[in-house]
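**Student:** Let me begin by handing over the structure; questions about it come next.
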Amino acid sequence: MKKLKLFALGLVGATFLLTSCEDDAEENPNPVISVSEAVTGSTGTVTVAPNTQIELEWNARKEGTGAELKTFAVSMQGFNTISPVPTSEAGNDFPYSISNSDDDQYIDKIIVSAGANVGITTWSFTVTDKDGKTATATISVEVANATTPLATEVMGAFFHIQGTEHGAYDLMAGASVAAAGSDASKDMINTDAAGDPFTGSWMSGTGNNTTFVKASGFDYANATVESATAAYAAGTASSTVADPAAGDIYVAQLRGGTNYAVIMVTKVDPDDATSTGNKGKIEFDFKKN
């Protein structure tokens with residue numbers, strides 16, 4: 001009987017110890033911290049142009065019955081590290097021995113340049129309480145080359161050169177033009193011969209100087225001046241395009257200058273009867289600067 005009583009007391013004691021440990025863990029939680037880029041509101045990764053001013057803002061606090069905050073540290077690694085860490089907006093240097101006024105909650109920020117180097121820098125912010133418990137929050141700052149979207153989008157079309165409708169197109173004006181017009185304004189002239197089926201093939205006019213590069217896999221939806229320039233430079237330019245098909249993408253350097261158009265062929269219809277005599281029509285969307 002004594003053994004049973006002792007065993008029962010042991011179970012009670014063990015239960016009390018486990019409950020005490022659980023209560024202690026609940027009563028002494030870790031501190032918590034969050035961080036964001038104050039201008040954009042970004043919390044995970046913020047992407048900015050080189051040398052953009054950023055504001056990294058944090059909110060560190062003790063949680064419930066947790067111990068008061070003691071120290072705060074800032075570190076970074078990546079392409080645009082800074083040493084020493086800049087003084088915060090509140091005038092604190094790091095590591096910061098948290099003052100009594102901040103030991104329940106410490107809100108502050110660092111205002112700094114993102115840097116000139118293209119790449120990612122990860123900032124880490126760590127708060128430690130008086131029990132030695134810590135919490136860390138990170139934010140990544142990606143510096144990327146500035147881009148210029150090709151914001152102007154136009155739907156274009158032209159017909160069989162030997163038909164009754166316009167057989168050429170002016171990319172600068174965003175309009176079809178008659179074959180009888182000035183060659184200088186014809187960036188795309190259909191080259192199909194009278195009586196032949198319409199293929200949509202084209203060339204630029206004499207003295208027009210517009211040239212084209214086929215850009216397979218080009219991201220038309222997110223086209224920029226920079227991506228168009230790079231795609232054009234990576235290809236072999238020609239004043240002629242043969243047998244375009246729906247889905248083909250061409251980058252045009254307009255009239256030998258610094259403006260570009262990204263052309264996405266949407267339809268080649270040799271049976272379109274809008275133009276009589278010689279049937280056929282090509283349709284395309286294009287973006288330009």
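Convention: chains lettered A, B, ... in structure tokens order; per-chain residue numbering from 1; ligands numbered from 1 as shown.
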May I have the residues within 9 Å of Ala245 in chain A as a PDB file with N, CA and C atoms, in the first residue's frame, using only C-alpha atoms and disregarding those fewer than 4 positions away in the same chain?

**Tutor:**
ATOM      1  N   THR A 199       1.497  36.319 -97.638  1.00  0.00           N
ATOM      2  CA  THR A 199       2.313  35.722 -96.562  1.00  0.00           C
ATOM      3  C   THR A 199       2.529  36.682 -95.399  1.00  0.00           C
ATOM      4  N   GLY A 200       2.264  37.957 -95.630  1.00  0.00           N
ATOM      5  CA  GLY A 200       2.528  38.958 -94.594  1.00  0.00           C
ATOM      6  C   GLY A 200       3.961  39.449 -94.568  1.00  0.00           C
ATOM      7  N   VAL A 265       3.171  39.647 -83.718  1.00  0.00           N
ATOM      8  CA  VAL A 265       2.218  39.276 -84.755  1.00  0.00           C
ATOM      9  C   VAL A 265       1.070  38.496 -84.120  1.00  0.00           C
ATOM     10  N   THR A 266      -0.163  38.924 -84.378  1.00  0.00           N
ATOM     11  CA  THR A 266      -1.320  38.260 -83.784  1.00  0.00           C
ATOM     12  C   THR A 266      -2.107  37.415 -84.787  1.00  0.00           C
ATOM     13  N   LYS A 267      -2.008  37.768 -86.080  1.00  0.00           N
ATOM     14  CA  LYS A 267      -2.779  37.008 -87.069  1.00  0.00           C
ATOM     15  C   LYS A 267      -2.242  37.261 -88.474  1.00  0.00           C
ATOM     16  N   VAL A 268      -2.095  36.201 -89.259  1.00  0.00           N
ATOM     17  CA  VAL A 268      -1.789  36.307 -90.684  1.00  0.00           C
ATOM     18  C   VAL A 268      -2.886  35.551 -91.417  1.00  0.00           C
TER      19      VAL A 268
END

**Student:** Quick one: residues within 9 Å of Asp192 in chain A, only C-alpha atoms, excluding same-chain residues fewer than 5 positions away - as a list in words?

**Tutor:** His160, Ile161, Gln162, Pro197, Phe198, Thr199, Gly200, Ser201 and Trp202 of chain A

**Student:** For CA of Ala231 in chain A and CA of Gly156 in chain A, determine how far apart the two atoms are, in Å to one decimal place.

**Tutor:**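 Interatomic distance here is 21.6 Å.
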
**Student:** From the set A:Lys287, A:Asn190, A:Val251, A:Ala242, which residue has the shortest atom-to-atom contact distance to Ser216 in chain A, counting only C-alpha atoms?

**Tutor:**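 Comparing A:Lys287, A:Asn190, A:Val251, A:Ala242 against Ser216 in chain A, the winner is A:Val251.
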
**Student:** With only C-alpha atoms as the basis for distance, which of A:Thr81, A:Thr148, A:Ser99, A:Asn92 is at the shortest distance from Ala116 in chain A?

**Tutor:**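 Under the stated criterion, the closest residue is A:Thr81.
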
**Student:** Near Gly247 in chain A, within 12 Å and counting only C-alpha atoms, which residues show up once chain neighbours fewer than 3 positions away are dropped, as a VMD selection string?

**Tutor:** chain A and resid 214 to 220 244 250 263 to 268 283 to 285

**Student:** Keeping N, CA and C atoms, export the residues of the selection given above as a short mmCIF file (atom, residue, chain, number, x, y, z; two decimals), in the first residue's frame.

**Tutor:**
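What follows is the written file selection_7.cif:
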data_model
loop_
_atom_site.label_atom_id
_atom_site.label_comp_id
_atom_site.auth_asym_id
_atom_site.auth_seq_id
_atom_site.Cartn_x
_atom_site.Cartn_y
_atom_site.Cartn_z
N LYS A 214 14.33 39.32 -85.13
CA LYS A 214 13.36 38.38 -84.55
C LYS A 214 13.81 38.05 -83.13
N ALA A 215 12.88 38.16 -82.18
CA ALA A 215 13.24 38.00 -80.76
C ALA A 215 12.39 36.90 -80.14
N SER A 216 12.74 35.66 -80.43
CA SER A 216 11.99 34.52 -79.88
C SER A 216 12.12 34.49 -78.36
N GLY A 217 11.00 34.27 -77.68
CA GLY A 217 11.01 34.20 -76.22
C GLY A 217 11.01 35.54 -75.53
N PHE A 218 10.92 36.63 -76.29
CA PHE A 218 10.92 37.96 -75.68
C PHE A 218 9.67 38.15 -74.82
N ASP A 219 9.84 38.79 -73.65
CA ASP A 219 8.72 39.04 -72.73
C ASP A 219 7.97 40.29 -73.18
N TYR A 220 7.03 40.09 -74.09
CA TYR A 220 6.29 41.22 -74.65
C TYR A 220 5.49 41.96 -73.59
N PRO A 244 6.19 35.91 -91.59
CA PRO A 244 5.88 36.00 -90.16
C PRO A 244 4.66 35.14 -89.82
N TYR A 250 9.11 40.66 -83.09
CA TYR A 250 10.23 41.34 -83.74
C TYR A 250 10.50 42.65 -83.02
N ILE A 263 7.17 44.33 -81.82
CA ILE A 263 6.01 43.94 -82.61
C ILE A 263 5.66 42.48 -82.32
N MET A 264 4.42 42.21 -81.96
CA MET A 264 3.94 40.85 -81.77
C MET A 264 2.88 40.56 -82.82
N VAL A 265 3.17 39.65 -83.72
CA VAL A 265 2.22 39.28 -84.76
C VAL A 265 1.07 38.50 -84.12
N THR A 266 -0.16 38.92 -84.38
CA THR A 266 -1.32 38.26 -83.78
C THR A 266 -2.11 37.42 -84.79
N LYS A 267 -2.01 37.77 -86.08
CA LYS A 267 -2.78 37.01 -87.07
C LYS A 267 -2.24 37.26 -88.47
N VAL A 268 -2.10 36.20 -89.26
CA VAL A 268 -1.79 36.31 -90.68
C VAL A 268 -2.89 35.55 -91.42
N GLU A 283 -2.21 41.20 -88.91
CA GLU A 283 -2.52 42.01 -87.74
C GLU A 283 -1.42 41.83 -86.70
N PHE A 284 -1.13 42.89 -85.96
CA PHE A 284 -0.08 42.84 -84.95
C PHE A 284 -0.34 43.91 -83.90
N ASP A 285 0.20 43.65 -82.72
CA ASP A 285 0.26 44.67 -81.65
C ASP A 285 1.71 45.12 -81.53
#

**Student:** Measure the distance from CA of Asp243 in chain A to CA of Thr274 in chain A in Å and round it to one decimal.

**Tutor:** 20.3 Å

**Student:** Of the candidates A:Glu55, A:Asp183, A:Asp93, A:Asp103, which shows the shortest atom-to-atom distance to Ala67 in chain A, using only C-alpha atoms?

**Tutor:**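 The shortest atom-to-atom distance to Ala67 in chain A comes from A:Asp103.
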
**Student:** Would you kindly return, as a PDB file with N, CA and C atoms, in the first residue's frame, each protein, DNA or RNA residue with an atom no farther than 8 Å from any atom of Gly66 in chain A, considering only C-alpha atoms and excluding same-chain residues fewer than 3 positions away?

**Tutor:**
ATOM      1  N   GLU A  27       4.660  32.248 -19.342  1.00  0.00           N
ATOM      2  CA  GLU A  27       4.789  33.514 -18.633  1.00  0.00           C
ATOM      3  C   GLU A  27       6.045  34.287 -19.031  1.00  0.00           C
ATOM      4  N   ASN A  28       6.968  33.626 -19.761  1.00  0.00           N
ATOM      5  CA  ASN A  28       8.207  34.289 -20.143  1.00  0.00           C
ATOM      6  C   ASN A  28       8.458  34.129 -21.652  1.00  0.00           C
ATOM      7  N   PRO A  29       7.576  34.677 -22.469  1.00  0.00           N
ATOM      8  CA  PRO A  29       7.736  34.513 -23.924  1.00  0.00           C
ATOM      9  C   PRO A  29       8.890  35.339 -24.468  1.00  0.00           C
ATOM     10  N   ASN A  30       9.331  34.961 -25.659  1.00  0.00           N
ATOM     11  CA  ASN A  30      10.371  35.726 -26.347  1.00  0.00           C
ATOM     12  C   ASN A  30       9.855  37.095 -26.756  1.00  0.00           C
ATOM     13  N   PRO A  31      10.761  38.050 -26.953  1.00  0.00           N
ATOM     14  CA  PRO A  31      10.332  39.332 -27.521  1.00  0.00           C
ATOM     15  C   PRO A  31       9.914  39.130 -28.969  1.00  0.00           C
ATOM     16  N   LYS A  62       8.552  43.717 -25.948  1.00  0.00           N
ATOM     17  CA  LYS A  62       8.434  42.522 -25.122  1.00  0.00           C
ATOM     18  C   LYS A  62       7.015  41.994 -25.273  1.00  0.00           C
ATOM     19  N   GLU A  63       6.860  40.700 -25.111  1.00  0.00           N
ATOM     20  CA  GLU A  63       5.574  40.059 -25.323  1.00  0.00           C
ATOM     21  C   GLU A  63       4.974  39.648 -23.986  1.00  0.00           C
TER      22      GLU A  63
END

**Student:** Mind listing the alpha helix (DSSP H) residues of range 173-281 of chain A, per DSSP on the backbone, as a list in words?

**Tutor:**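 Alpha helix (DSSP H) assignments inside range 173-281 of chain A correspond to Val225, Glu226, Ser227, Ala228, Thr229, Ala230, Ala231, Tyr232, Ala233 and Ala234 of chain A.
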
**Student:** Counting only C-alpha atoms, what is within 12 Å of range 75-78 of chain A, bar same-chain residues fewer than 5 positions away, as a PyMOL selection string?

**Tutor:** chain A and resi 83-86+94-95+114-115+117-127+136-143

**Student:** Hey, which of A:Gly64, A:Ile282, A:Asp170, A:Ile82 ends up closest to Asp269 in chain A? Count only C-alpha atoms.

**Tutor:**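 Nearest candidate to Asp269 in chain A out of A:Gly64, A:Ile282, A:Asp170, A:Ile82: A:Ile282.
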
**Student:** Could you pull out the residues in range 83-140 of chain A that DSSP calls strand (DSSP E or B) from the backbone, as a list in words?

**Tutor:**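 Restricting range 83-140 of chain A to strand (DSSP E or B) produces Tyr96, Ser97, Gln105, Tyr106, Ile107, Asp108, Lys109, Ile110, Ile111, Val112, Ser113, Gly119, Ile120, Thr121, Thr122, Trp123, Ser124, Phe125, Thr126, Val127, Thr128, Asp129, Thr134, Ala135, Thr136, Ala137, Thr138, Ile139 and Ser140 of chain A.
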
**Student:** As an exercise, work out the distance from CA of Lys130 in chain A to CA of Leu69 in chain A in Å and give it to one decimal place.

**Tutor:**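 Answer for the CA of Lys130 in chain A to CA of Leu69 in chain A separation: 6.0 Å.
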